[in-house]
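Below is one structure, written out as structure tokens, with a few remarks after it.
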Amino acid sequence: MLIKPQSMTSLPINWEVFFPESKPLVIEIGFGNGKFLKTLEGSGANVIGFEVSLLSVEKALKTVDHRKTALLLMDGVWGVRELFPEKSVEAIYVNFPLPWPHRKHSSRRLFTLPKLQIYASRLVDKGVVQLQTDVEAYAQEAAKNAEDSKLFSVVDYTVTNKSQVGTKYEQKWLNQGKRIYRVLLRKEHHISVPNYIGKEVIMPHAIVQAKNGTLKAGTYRTTLGTIKLWEPFENGQAMLIPSMVSDDDFIGVSLQQRVYVSVSPHKEGFIVKLDNHADVFKTENVKALIWLVANQISNGAIKRINVQPPSELEYEPAREFS
Ligand SMILES: C[S@@+](CC[C@H](N)C(=O)[O-])C[C@H]1O[C@@H](n2cnc3c(N)ncnc32)[C@H](O)[C@@H]1O
């Protein structure tokens, strides 16, 4: 089954709704063609897979058992933190993650300290995280960060040239004669990590009396990340504004969402809200986006709004195409 948590009115998810049979919850981050999800299904667990590639999700939907496996098209670390209560996950598997070898991309790696803290908070006591990689430095860094965190112990570090998980990338590296590194971490201590979105989902919207201001396309930096606005599509009195909202919570776990804002006639003037097709998490920066659009099109005269303006705002004009 495919789950779209963006439209849920409260988080974390009550997984019993999707898996009526009470079994351990296990997660795979970056399942690729979904081969290992089938192995996890065979273990008798309730399986949840995260992928950022739509193509991979579509392929895996054709092969998984929909009673045993739930798939989500989203960043796995965000998913683990936002969709699971503390101490609810038995195991997290990561097979051949992108290594992000350059230093400037190091915060994107999946075994940094803040991400290990997120895994530890959502794992049950003695729950495990298993990494398979072809990159020795990545395996060593994951093991070192885990030990330094004091949240995990490294219970296995295996180097092999034999197939362990049978995934596409494992096969690829073995065919090239590479060795595979397996790191198994066990949770030893608990840590509490709050989710970012919060329990209550607010549907942001604003009422403006008149559209007498101008929307400025460009990049806006807020205290929480960035908002990009493009030129609106206009149809009579109505507007549709394409935007990109990035909520950076400063630990290398940022969420980027494409959002459409609609402005349409209303009995008190105009209503500014998320377009009906904008299936997004209502994050702080998405709320800031509604304020930003309402503020600009009304020339600072918002009549009513259910969210706060961002505390800091910096504007950079959109670059012209030359
Ligand atoms: C090198 S491939 C490995 C695929 C598969 N695990 C295998 O062993 O064949 C890495 C996969 O992770 C996915 N991915 C990368 N970062 C991710 C993230 N933060 N959350 C979920 N999936 C991610 C990519 O889309 C890609 O499919």
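Following the order of the structure tokens, chains are lettered A, B, ..., residues in each are numbered from 1, and ligands are numbered from 1.
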Check which residues of chain A sit at most 7 Å from ligand 1 using only C-alpha atoms and all ligand atoms, and return one row each with the closest pair of atoms and their distance in Å to one decimal, ordered by chain and rising number, as CSV.
residue,atom,partner,partner_atom_place_in_ligand_line,distance
A:Ile29,CA,ligand 1,21 (C),4.9
A:Gly30,CA,ligand 1,22 (N),3.4
A:Phe31,CA,ligand 1,6 (N),4.3
A:Gly32,CA,ligand 1,4 (C),3.8
A:Asn33,CA,ligand 1,9 (O),6.3
A:Phe50,CA,ligand 1,21 (C),4.9
A:Glu51,CA,ligand 1,22 (N),3.7
A:Val52,CA,ligand 1,22 (N),4.6
A:Ser53,CA,ligand 1,25 (O),4.6
A:Ser56,CA,ligand 1,27 (O),6.6
A:Met74,CA,ligand 1,21 (C),6.1
A:Asp75,CA,ligand 1,20 (N),3.7
A:Gly76,CA,ligand 1,20 (N),3.8
A:Val77,CA,ligand 1,19 (N),6.0
A:Val94,CA,ligand 1,6 (N),6.7
A:Asn95,CA,ligand 1,6 (N),4.3
A:Phe96,CA,ligand 1,3 (C),4.8
A:Pro97,CA,ligand 1,10 (C),4.6
A:Leu98,CA,ligand 1,1 (C),5.2
A:Thr167,CA,ligand 1,9 (O),4.4
A:Lys168,CA,ligand 1,9 (O),3.9
A:Tyr169,CA,ligand 1,9 (O),3.8
A:Glu170,CA,ligand 1,8 (O),5.6
Run DSSP on the backbone and grab whatever in stretch 11-256 of chain A lands in alpha helix (DSSP H); send it over as a PyMOL selection string.
chain A and resi 35-42+54-63+76-83+113-122+136-149+168-175
Take atom CA of A:Thr223 and atom CA of A:Glu312 and report the distance between them in Å, one decimal.
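For atom CA of A:Thr223 relative to atom CA of A:Glu312, the distance reads 5.6 Å.
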Restricting to only C-alpha atoms, whichever of A:Ile48, A:Gln256, A:Pro204, A:Asn235 is closest to A:Ile290 is A:Pro204
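Computed from the coordinates, the atom CA of A:Lys267 to atom CA of A:Ala206 distance equals 12.9 Å.
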Compile the contact shell of A:Gln171 as a VMD selection string: residues with an atom at most 12 Å away, counting only C-alpha atoms, same-chain residues fewer than 5 positions apart removed.
chain A and resid 35 95 to 96 133 to 134 161 to 166 176 to 180
Residues near A:Lys115, cut-off 10 Å, only C-alpha atoms, skip fewer than 2 positions along chain, as a ChimeraX atom specification:
/A:77-78,80-81,107-113,117-121,251-253
Residues from the last selection, C-alpha atoms, saved as a CSV table (one decimal), in the first residue's frame:
chain,number,residue,atom,x,y,z
A,77,VAL,CA,14.9,10.4,8.0
A,78,TRP,CA,12.0,12.9,8.0
A,80,VAL,CA,11.2,8.1,10.8
A,81,ARG,CA,11.0,11.3,13.0
A,107,SER,CA,25.5,16.4,6.5
A,108,ARG,CA,23.4,14.5,3.9
A,109,ARG,CA,24.9,11.1,5.0
A,110,LEU,CA,22.5,8.9,6.9
A,111,PHE,CA,24.7,8.1,9.9
A,112,THR,CA,25.5,11.6,11.3
A,113,LEU,CA,25.0,12.2,15.0
A,117,GLN,CA,19.7,10.4,17.6
A,118,ILE,CA,16.5,10.3,15.6
A,119,TYR,CA,16.8,6.6,15.0
A,120,ALA,CA,17.6,5.9,18.7
A,121,SER,CA,14.5,7.9,19.8
A,251,ILE,CA,20.6,19.0,11.5
A,252,GLY,CA,20.9,18.0,7.8
A,253,VAL,CA,17.3,16.8,7.7
